[in-house]
$ cat target-v7.txt   # compact mmCIF, C-alpha atoms and all ligand atoms
# COMPACT_ATOMS: atom_id res chain seq x y z
CA MET A 115 -8.62 -6.87 16.02
CA PHE A 116 -5.12 -8.18 16.01
CA HIS A 117 -4.09 -11.76 16.40
CA HIS A 118 -0.48 -12.77 16.92
CA VAL A 119 0.94 -15.78 15.13
CA LYS A 120 4.06 -17.11 16.80
CA GLU A 121 5.77 -18.28 13.62
CA LEU A 122 7.71 -15.48 11.94
CA GLN A 123 6.84 -14.56 8.34
CA PHE A 124 10.47 -15.31 7.48
CA ASN A 125 12.61 -17.62 9.58
CA ALA A 126 15.11 -15.21 11.15
CA ARG A 127 18.45 -16.86 11.88
CA VAL A 128 21.97 -15.73 12.76
CA SER A 129 25.30 -17.56 12.59
CA GLN A 130 26.76 -15.83 15.64
CA PRO A 131 26.37 -12.71 17.77
CA ASP A 132 27.37 -9.47 16.12
CA PRO A 133 26.60 -6.45 18.33
CA ARG A 134 28.01 -4.03 15.79
CA PHE A 135 25.62 -5.11 13.06
CA ALA A 136 22.76 -5.25 15.59
CA SER A 137 23.41 -1.58 16.15
CA LEU A 138 23.22 -0.77 12.44
CA LEU A 139 20.12 -2.90 11.94
CA LEU A 140 18.33 -0.94 14.65
CA GLU A 141 17.84 1.70 11.95
CA GLN A 142 15.18 -0.54 10.41
CA PHE A 143 13.50 -1.12 13.78
CA GLY A 144 13.09 2.38 15.17
CA GLY A 145 14.57 4.65 12.48
CA ALA A 146 12.84 7.09 10.15
CA ASN A 147 12.53 4.57 7.31
CA GLY A 148 12.14 1.52 9.48
CA GLU A 149 9.45 -1.09 9.81
CA LEU A 150 7.65 0.58 12.73
CA ALA A 151 7.31 3.79 10.72
CA ALA A 152 5.95 1.91 7.71
CA ALA A 153 3.48 -0.11 9.80
CA MET A 154 2.20 2.98 11.61
CA GLN A 155 1.94 5.01 8.41
CA TYR A 156 -0.25 2.52 6.56
CA PHE A 157 -2.28 1.75 9.68
CA LEU A 158 -3.00 5.43 10.22
CA GLN A 159 -3.87 6.04 6.57
CA SER A 160 -6.31 3.13 6.56
CA PHE A 161 -8.90 4.77 8.83
CA GLY A 162 -9.83 7.48 6.36
CA VAL A 163 -10.48 5.06 3.51
CA ARG A 164 -12.34 2.34 5.42
CA GLN A 165 -15.68 3.43 4.04
CA SER A 166 -14.81 5.60 1.06
CA HIS A 167 -12.34 3.15 -0.54
CA PRO A 168 -12.82 -0.18 1.24
CA GLU A 169 -10.60 -2.04 -1.24
CA LYS A 170 -7.69 0.31 -0.51
CA TYR A 171 -8.39 -0.06 3.22
CA ASP A 172 -7.97 -3.80 2.85
CA MET A 173 -4.66 -3.33 1.04
CA LEU A 174 -3.31 -0.76 3.53
CA MET A 175 -4.19 -2.98 6.48
CA ASP A 176 -2.62 -6.05 4.86
CA ILE A 177 0.60 -4.17 4.16
CA ALA A 178 0.60 -2.49 7.62
CA ASN A 179 0.35 -5.95 9.15
CA GLU A 180 3.12 -7.24 6.95
CA GLU A 181 5.32 -4.35 8.12
CA MET A 182 4.56 -5.36 11.72
CA SER A 183 5.66 -8.86 10.77
CA HIS A 184 8.88 -7.38 9.41
CA LEU A 185 9.37 -5.36 12.58
CA GLU A 186 9.17 -8.65 14.44
CA ILE A 187 11.80 -10.23 12.16
CA VAL A 188 14.14 -7.27 12.60
CA GLY A 189 13.63 -7.24 16.38
CA ALA A 190 14.25 -10.98 16.58
CA THR A 191 17.43 -10.65 14.51
CA ILE A 192 18.75 -7.79 16.65
CA THR A 193 18.08 -9.79 19.81
CA MET A 194 19.89 -12.85 18.44
CA LEU A 195 22.79 -10.70 17.29
CA LEU A 196 23.06 -9.43 20.87
CA GLU A 197 22.84 -12.94 22.30
CA GLY A 198 24.78 -13.08 25.49
CA VAL A 199 24.77 -9.36 26.19
CA ASN A 200 21.71 -9.73 28.35
CA ALA A 201 23.09 -12.73 30.22
CA GLU A 202 26.40 -10.98 30.68
CA LEU A 203 24.64 -8.07 32.29
CA GLN A 204 22.83 -10.36 34.72
CA GLU A 205 25.83 -12.32 35.79
CA ALA A 206 29.17 -11.18 34.55
CA ALA A 207 30.96 -14.31 35.71
CA ASP A 208 28.55 -16.73 34.06
CA LYS A 209 29.87 -18.39 30.91
CA THR A 210 26.71 -18.41 28.84
CA GLY A 211 25.76 -18.05 25.17
CA TRP A 212 27.81 -15.16 24.05
CA MET A 213 30.73 -16.01 26.29
CA SER A 214 31.03 -19.42 24.72
CA MET A 215 31.65 -17.64 21.42
CA VAL A 216 34.70 -15.85 22.72
CA ASN A 217 37.97 -17.35 23.81
CA SER A 218 39.75 -14.78 25.86
CA LYS A 219 39.17 -11.76 28.03
CA GLY A 220 40.28 -9.65 25.09
CA ASP A 221 37.59 -11.13 22.84
CA LYS A 222 34.96 -10.45 25.46
CA GLU A 223 36.05 -6.87 25.77
CA GLU A 224 36.00 -6.57 22.01
CA MET A 225 32.39 -7.78 21.96
CA PHE A 226 31.38 -5.27 24.61
CA GLN A 227 33.22 -2.63 22.66
CA GLN A 228 31.10 -3.49 19.62
CA ALA A 229 27.88 -3.35 21.61
CA MET A 230 28.99 0.02 22.91
CA THR A 231 28.76 1.42 19.37
CA ASN A 232 25.15 1.75 20.52
CA PRO A 233 25.34 2.33 24.26
CA GLN A 234 21.59 1.82 24.64
CA PHE A 235 22.07 -1.89 24.12
CA LEU A 236 23.83 -2.30 27.42
CA PRO A 237 22.33 -0.14 30.16
CA ILE A 238 18.93 0.63 28.66
CA THR A 239 17.65 -2.31 26.65
CA GLY A 240 19.84 -4.92 28.31
CA GLY A 241 20.52 -6.60 25.00
CA GLY A 242 17.41 -6.13 22.88
CA PRO A 243 16.02 -3.70 20.29
CA ALA A 244 14.72 -0.25 21.13
CA PHE A 245 12.48 2.18 19.30
CA THR A 246 15.37 4.39 18.35
CA SER A 247 17.46 4.84 15.26
CA SER A 248 20.94 3.34 15.05
CA GLN A 249 22.14 6.63 16.50
CA GLY A 250 19.84 6.38 19.50
CA VAL A 251 17.39 9.02 18.26
CA PRO A 252 13.94 8.15 19.68
CA TRP A 253 11.32 7.05 17.18
CA SER A 254 8.98 9.89 16.27
CA ALA A 255 5.46 10.20 14.88
CA SER A 256 6.86 12.94 12.68
CA TYR A 257 8.17 10.12 10.45
CA ILE A 258 4.57 9.35 9.53
CA HIS A 259 2.92 10.82 6.45
CA ALA A 260 -0.84 10.61 6.19
CA ASN A 261 -2.65 13.39 4.37
CA GLY A 262 -6.17 12.04 4.04
CA ASP A 263 -5.95 12.18 0.26
CA LEU A 264 -5.38 8.70 -1.05
CA THR A 265 -3.30 9.75 -4.06
CA VAL A 266 -0.99 11.77 -1.78
CA ASP A 267 -0.75 8.94 0.74
CA LEU A 268 0.03 6.34 -1.92
CA ARG A 269 2.79 8.54 -3.32
CA SER A 270 4.19 8.96 0.20
CA ASN A 271 4.12 5.18 0.53
CA ILE A 272 5.97 4.67 -2.75
CA ALA A 273 8.65 7.04 -1.44
CA ALA A 274 8.73 5.26 1.95
CA GLU A 275 9.20 1.87 0.29
CA SER A 276 11.98 3.28 -1.91
CA ARG A 277 13.83 4.55 1.16
CA ALA A 278 13.36 1.33 3.10
CA LYS A 279 14.62 -0.67 0.11
CA ILE A 280 17.80 1.33 -0.23
CA VAL A 281 18.55 1.17 3.51
CA TYR A 282 18.34 -2.65 3.38
CA GLU A 283 20.53 -2.66 0.30
CA ARG A 284 23.16 -0.64 2.16
CA LEU A 285 22.86 -2.73 5.32
CA LEU A 286 23.68 -5.79 3.21
CA GLN A 287 27.13 -4.32 2.67
CA PHE A 288 27.86 -4.51 6.40
CA THR A 289 27.28 -8.18 7.18
CA ASP A 290 28.71 -11.43 5.86
CA ASP A 291 26.44 -13.60 7.98
CA PRO A 292 24.60 -15.75 5.40
CA TYR A 293 21.54 -16.17 7.63
CA VAL A 294 21.25 -12.46 8.34
CA ARG A 295 21.78 -11.67 4.66
CA GLU A 296 18.98 -14.06 3.75
CA SER A 297 16.56 -12.19 6.04
CA LEU A 298 17.72 -8.82 4.73
CA VAL A 299 17.22 -9.89 1.13
CA PHE A 300 13.72 -11.07 1.98
CA LEU A 301 12.87 -7.79 3.74
CA MET A 302 14.39 -5.72 0.93
CA THR A 303 12.47 -7.67 -1.68
CA ARG A 304 9.18 -7.16 0.12
CA GLU A 305 9.78 -3.40 -0.06
CA ILE A 306 10.03 -3.79 -3.84
CA ALA A 307 6.76 -5.72 -3.86
CA HIS A 308 5.04 -3.10 -1.68
CA TYR A 309 6.29 -0.34 -3.98
CA LYS A 310 4.55 -2.08 -6.88
CA MET A 311 1.36 -2.61 -4.87
CA PHE A 312 1.12 1.09 -4.01
CA GLU A 313 1.99 2.12 -7.55
CA SER A 314 -0.68 -0.17 -9.00
CA ALA A 315 -3.22 1.07 -6.45
CA LEU A 316 -2.42 4.67 -7.43
CA GLU A 317 -2.90 3.85 -11.09
CA SER A 318 -6.28 2.30 -10.35
CA ILE A 319 -7.57 5.69 -9.19
CA GLU A 320 -9.18 7.72 -11.94
CA HIS A 321 -7.93 11.32 -12.08
CA ASN A 322 -5.02 10.65 -9.72
CA PHE A 323 -3.13 13.73 -10.88
CA PRO A 324 -2.94 16.42 -9.75
CA PRO A 325 -3.66 15.24 -6.19
CA GLY A 326 -6.97 16.49 -4.83
CA VAL A 327 -9.67 18.04 -6.98
CA ARG A 328 -8.43 21.38 -8.27
CA GLN A 329 -6.57 21.34 -11.56
CA GLY A 330 -4.33 24.35 -11.08
CA ASP A 331 -4.04 27.53 -13.12
CA PRO A 332 -3.06 26.56 -16.69
CA HIS A 333 -0.91 29.71 -16.90
CA PHE A 334 1.57 27.99 -14.62
CA THR A 335 1.13 24.22 -14.87
CA HIS A 336 3.42 23.74 -17.87
CA GLU A 337 6.08 26.38 -17.22
CA TYR A 338 9.71 25.49 -16.51
CA TYR A 339 11.81 28.34 -15.08
CA ASN A 340 15.48 28.38 -16.04
CA LEU A 341 16.67 29.68 -12.68
CA SER A 342 20.40 29.17 -12.86
CA ASN A 343 23.13 30.58 -15.05
CA GLY A 344 25.52 28.76 -17.33
CA ALA A 345 24.81 25.65 -19.33
CA SER A 346 21.28 24.36 -19.00
CA ALA A 347 20.25 20.73 -19.12
CA ARG A 348 17.25 19.84 -21.19
CA GLY A 349 15.25 16.67 -20.88
CA PRO A 350 11.72 15.37 -20.48
CA TRP A 351 11.40 17.46 -17.29
CA ASN A 352 11.54 20.70 -19.27
CA GLU A 353 11.03 19.90 -22.94
CA GLY A 354 8.52 17.96 -24.97
CA SER A 355 5.47 16.57 -23.29
CA GLY A 356 7.27 14.86 -20.37
CA THR A 357 4.69 12.82 -18.54
CA TRP A 358 1.85 15.23 -19.32
CA ASN A 359 -1.01 13.57 -21.07
CA GLU A 360 -1.84 16.86 -22.68
CA GLY A 361 0.35 19.78 -23.77
CA GLU A 362 4.07 20.23 -23.34
CA TRP A 363 6.60 22.16 -21.26
CA SER A 364 7.01 25.83 -21.89
CA TYR A 365 10.66 26.71 -21.21
CA VAL A 366 11.05 30.17 -19.68
CA GLU A 367 14.60 31.00 -20.75
CA ASP A 368 14.71 34.36 -18.99
CA PRO A 369 12.50 34.23 -15.88
CA VAL A 370 13.53 37.69 -14.66
CA LYS A 371 12.30 39.26 -17.92
CA HIS A 372 9.19 37.09 -17.76
CA VAL A 373 8.35 38.16 -14.21
CA ILE A 374 8.83 41.86 -15.00
CA GLU A 375 6.82 41.67 -18.22
CA THR A 376 3.95 39.87 -16.52
CA GLN A 377 4.07 42.12 -13.43
CA GLY A 378 4.79 39.15 -11.26
CA ASN A 379 2.62 36.78 -13.27
CA ILE A 380 -0.57 38.70 -12.59
CA SER A 381 -1.02 40.46 -15.94
CA ASP A 382 -3.18 38.84 -18.54
CA HIS A 383 -0.48 36.85 -20.34
CA PRO A 384 -1.11 34.00 -22.73
CA ILE A 385 -1.29 30.41 -21.52
CA GLU A 386 1.60 28.39 -22.89
CA GLY A 387 2.20 24.68 -23.18
CA THR A 388 -1.40 23.61 -22.73
CA SER A 389 -4.60 24.15 -24.63
CA LYS A 390 -6.57 24.21 -21.38
CA THR A 391 -8.38 27.43 -20.63
CA MET A 392 -9.34 28.89 -17.28
CA GLU A 393 -13.00 28.18 -18.09
CA GLU A 394 -12.23 24.56 -18.80
CA VAL A 395 -10.30 24.23 -15.58
CA GLU A 396 -13.16 25.75 -13.57
CA ARG A 397 -15.57 23.33 -15.20
CA MET A 398 -13.28 20.37 -14.44
CA ASN A 399 -12.87 21.49 -10.82
CA ALA A 400 -16.63 21.68 -10.35
CA GLU A 401 -17.28 18.39 -12.15
CA LEU A 402 -14.59 16.44 -10.34
CA GLY A 403 -15.56 17.94 -7.00
CA LYS A 404 -19.18 16.92 -7.52
CA LYS A 405 -18.20 13.41 -8.64
CA ARG A 406 -15.90 12.86 -5.66
CA LYS A 407 -18.49 14.17 -3.23
CA GLU A 408 -21.17 11.88 -4.61
CA LYS A 409 -18.88 8.86 -4.53
CA ILE A 410 -17.88 9.47 -0.93
CA LYS A 411 -21.43 10.28 0.11
CA ALA A 412 -22.63 7.02 -1.39
CA ALA A 413 -19.88 5.05 0.34
CA VAL A 414 -19.80 6.73 3.74
CA GLY A 415 -22.73 6.36 6.09
CA THR A 416 -24.35 9.21 7.96
CA GLY A 417 -26.04 8.87 11.30
CA GLU A 418 -26.00 5.27 12.44
CA ASN A 419 -22.86 3.65 11.21
CA GLN A 420 -20.95 0.43 11.70
CA TRP A 421 -17.28 -0.23 10.97
CA SER A 422 -17.45 -3.98 10.39
CA SER A 423 -20.01 -6.70 10.01
CA TYR A 424 -19.99 -10.04 11.84
CA PRO A 425 -18.69 -11.99 10.08
CA GLN A 426 -17.10 -9.56 7.64
CA LYS A 427 -18.01 -11.26 4.38
CA GLU A 428 -17.75 -8.26 2.10
CA VAL A 429 -14.88 -5.89 1.47
CA ALA A 430 -17.06 -2.84 2.08
CA SER A 431 -17.94 -1.55 5.51
CA PRO A 432 -21.57 -2.47 6.29
CA LYS A 433 -22.62 1.07 7.34
CA LYS A 434 -26.01 -0.32 8.33
CA VAL A 435 -25.93 -1.04 12.04
CA GLN A 436 -26.34 -4.73 12.76
CA LYS A 437 -29.00 -5.30 15.41
CA SER A 438 -28.45 -7.67 18.29
CA GLN A 439 -29.00 -11.37 17.63
CA ALA A 440 -31.11 -11.76 20.74
CA GLY A 441 -34.21 -10.70 18.92
CA LYS A 442 -34.42 -7.59 21.08
CA SER A 443 -33.16 -5.28 18.39
CA ASP A 444 -33.27 -1.69 19.47
FE FE B 1 7.32 -2.31 3.06

$ encode --input "target-v7.txt" --output "structure tokens"
Amino acid sequence: MFHHVKELQFNARVSQPDPRFASLLLEQFGGANGELAAAMQYFLQSFGVRQSHPEKYDMLMDIANEEMSHLEIVGATITMLLEGVNAELQEAADKTGWMSMVNSKGDKEEMFQQAMTNPQFLPITGGGPAFTSSQGVPWSASYIHANGDLTVDLRSNIAAESRAKIVYERLLQFTDDPYVRESLVFLMTREIAHYKMFESALESIEHNFPPGVRQGDPHFTHEYYNLSNGASARGPWNEGSGTWNEGEWSYVEDPVKHVIETQGNISDHPIEGTSKTMEEVERMNAELGKKRKEKIKAAVGTGENQWSSYPQKEVASPKKVQKSQAGKSD
């Protein structure tokens, strides 16, 4: 269950209203790489690992909740940056908040002009955040990546944190407000921390590459196709061992010739770059598949099942259904 704590995780403050920056910051509220997307992504991913990987469930839920806390900070900041817009809409003649910041009719118009960089702020939200991007594009579940394979999901999360980090870094270039900058630096830094958490979690999974169980056909795992003319760049992505633990890249200098000679890669051509054989791969696939199945079977209950225990004193899901305390267990 969720429990709301009224104190923000980071004390959001602003020096003065700034509708233009509020509009830009909306990107991190309802945009593709924003806090809502991050919170929903980790929340969604957590269901599938509740019983199979309870320790990763705990981490995903903690980070999802932190992203919700960040969403709250961003929403609070946007609202404060729009201070006065709401009041102005209620009573145009009333000299409240925002109006006290401006000296003349011209200044007021200038402020409205700034708010109009995102027209939603005036007629639709009335001076608050909305689940849209800074361009007014409605938030979409298509921003969410959850594949049900933990290694895939963790890699998606590392990418999501990278994107969120860089958006905050760029947003920092558009505001001089020291209070707002302080919040942005905090939020940006937490993305760095989350990146490391997901990376460390990924590394804690044995056989985390390739994703899934199947190892891939060794005829093709280590091949690099030189598919453009002119000068070719060489580096760890196409020479030496790169990040392979075993074998090294096989550089196909002339892919057209290679494809014709191998009849479209189906003829019995030698495996290059790796000492793995097809037999070995088949054996690994079967072994890893069996191991994974057993692990999940042992962790996930069948038949009667229970998500949490009361109180939840262990990280793992209880599986065993807790009977009623009334003594009338059924
Ligand atoms: Fe994050």

$ residues_near_point --input "target-v7.txt" --point "(23.3, -16.3, 20.1)" --cutoff "6 Å" --atoms "only C-alpha atoms" --output "list in words"
Gln130, Pro131, Met194, Glu197 and Gly211 of chain A

$ residues_near_point --input "target-v7.txt" --point "(0.1, 3.8, -1.3)" --cutoff "7 Å" --atoms "all atoms listed in the file" --output "PyMOL selection string"
chain A and resi 267-272+312-313+315-316

$ residues_around --input "target-v7.txt" --residues "A:Gly145" --least-positions-apart "6" --cutoff "10 Å" --atoms "all atoms listed in the file" --output "list of chain:residue names"
A:Leu139, A:Ala151, A:Ala244, A:Phe245, A:Thr246, A:Ser247, A:Ser248, A:Gln249, A:Gly250, A:Val251, A:Pro252, A:Trp253, A:Ser254, A:Tyr257

$ residues_around --input "target-v7.txt" --residues "A:Ile258" --least-positions-apart "2" --cutoff "12 Å" --atoms "all atoms listed in the file" --output "mmCIF file with C-alpha atoms, keeping the file's coordinate frame"
data_model
loop_
_atom_site.group_PDB
_atom_site.id
_atom_site.type_symbol
_atom_site.label_atom_id
_atom_site.label_comp_id
_atom_site.auth_asym_id
_atom_site.auth_seq_id
_atom_site.Cartn_x
_atom_site.Cartn_y
_atom_site.Cartn_z
ATOM 1 C CA GLY A 145 14.570 4.650 12.480
ATOM 2 C CA ALA A 146 12.840 7.090 10.150
ATOM 3 C CA ASN A 147 12.530 4.570 7.310
ATOM 4 C CA GLY A 148 12.140 1.520 9.480
ATOM 5 C CA GLU A 149 9.450 -1.090 9.810
ATOM 6 C CA LEU A 150 7.650 0.580 12.730
ATOM 7 C CA ALA A 151 7.310 3.790 10.720
ATOM 8 C CA ALA A 152 5.950 1.910 7.710
ATOM 9 C CA ALA A 153 3.480 -0.110 9.800
ATOM 10 C CA MET A 154 2.200 2.980 11.610
ATOM 11 C CA GLN A 155 1.940 5.010 8.410
ATOM 12 C CA TYR A 156 -0.250 2.520 6.560
ATOM 13 C CA PHE A 157 -2.280 1.750 9.680
ATOM 14 C CA LEU A 158 -3.000 5.430 10.220
ATOM 15 C CA GLN A 159 -3.870 6.040 6.570
ATOM 16 C CA TRP A 253 11.320 7.050 17.180
ATOM 17 C CA SER A 254 8.980 9.890 16.270
ATOM 18 C CA ALA A 255 5.460 10.200 14.880
ATOM 19 C CA SER A 256 6.860 12.940 12.680
ATOM 20 C CA ALA A 260 -0.840 10.610 6.190
ATOM 21 C CA ASN A 261 -2.650 13.390 4.370
ATOM 22 C CA ASP A 267 -0.750 8.940 0.740
ATOM 23 C CA SER A 270 4.190 8.960 0.200
ATOM 24 C CA ASN A 271 4.120 5.180 0.530
ATOM 25 C CA ALA A 273 8.650 7.040 -1.440
ATOM 26 C CA ALA A 274 8.730 5.260 1.950
#

$ residues_near_ligand --input "target-v7.txt" --ligand "ligand FE 1 (chain B)" --cutoff "8 Å" --atoms "all atoms listed in the file" --output "list in words"
Glu149, Ala152, Ile177, Glu180, Glu181, Ala274, Glu275, Ala278, Leu301, Arg304, Glu305, Ile306, Ala307, His308 and Tyr309 of chain A

$ residues_around --input "target-v7.txt" --residues "A:Lys404" --least-positions-apart "6" --cutoff "12 Å" --atoms "all atoms listed in the file" --output "PDB file with C-alpha atoms, in the frame of the given file"
ATOM      1  CA  VAL A 327      -9.670  18.040  -6.980  1.00  0.00           C
ATOM      2  CA  ARG A 328      -8.430  21.380  -8.270  1.00  0.00           C
ATOM      3  CA  ARG A 397     -15.570  23.330 -15.200  1.00  0.00           C
ATOM      4  CA  MET A 398     -13.280  20.370 -14.440  1.00  0.00           C
ATOM      5  CA  ILE A 410     -17.880   9.470  -0.930  1.00  0.00           C
ATOM      6  CA  LYS A 411     -21.430  10.280   0.110  1.00  0.00           C
TER       7      LYS A 411
END

$ closest_residue --input "target-v7.txt" --among "A:Gln165, A:Ser276, A:Ser342, A:Gln329" --to "A:Lys433" --atoms "all atoms listed in the file"
A:Gln165

$ residues_around --input "target-v7.txt" --residues "A:Glu283" --least-positions-apart "4" --cutoff "9 Å" --atoms "only C-alpha atoms" --output "ChimeraX atom specification"
/A:278-279,287,298-299,302

$ write_last_selection --input "target-v7.txt" --atoms "C-alpha atoms" --output "CSV table (one decimal), in the coordinates of the input"
chain,number,residue,atom,x,y,z
A,278,ALA,CA,13.4,1.3,3.1
A,279,LYS,CA,14.6,-0.7,0.1
A,287,GLN,CA,27.1,-4.3,2.7
A,298,LEU,CA,17.7,-8.8,4.7
A,299,VAL,CA,17.2,-9.9,1.1
A,302,MET,CA,14.4,-5.7,0.9

$ residues_around --input "target-v7.txt" --residues "A:Glu396" --least-positions-apart "5" --cutoff "10 Å" --atoms "all atoms listed in the file" --output "number ranges by chain"
A: 328-331, 391, 401-402

$ closest_residue --input "target-v7.txt" --among "A:Val373, A:Ala190, A:Val294, A:Leu140" --to "A:Lys120" --atoms "only C-alpha atoms"
A:Ala190

$ atom_distance --input "target-v7.txt" --atom1 "atom CA of A:Phe288" --atom2 "atom CA of A:Met311"
28.9 Å

$ axis_aligned_box --input "target-v7.txt" --around "stretch 140-148 of chain A" --padding-each-side "8 Å" --output "AutoDock Vina command-line options"
--center_x 15.2 --center_y 3.0 --center_z 11.2 --size_x 22.2 --size_y 24.2 --size_z 23.9

$ closest_residue --input "target-v7.txt" --among "A:Gln436, A:Thr193, A:Thr289, A:Thr265" --to "A:Ser318" --atoms "only C-alpha atoms"
A:Thr265

$ closest_residue --input "target-v7.txt" --among "A:Trp358, A:Trp421, A:Tyr338, A:Phe300" --to "A:Asn125" --atoms "only C-alpha atoms"
A:Phe300

$ atom_distance --input "target-v7.txt" --atom1 "atom CA of A:Ala413" --atom2 "atom CA of A:Tyr171"
12.9 Å

$ atom_distance --input "target-v7.txt" --atom1 "atom CA of A:Ala430" --atom2 "atom CA of A:Asn399"
27.9 Å

$ closest_residue --input "target-v7.txt" --among "A:Val188, A:Ile385, A:Ala136, A:Met173" --to "A:Gly241" --atoms "all atoms listed in the file"
A:Ala136
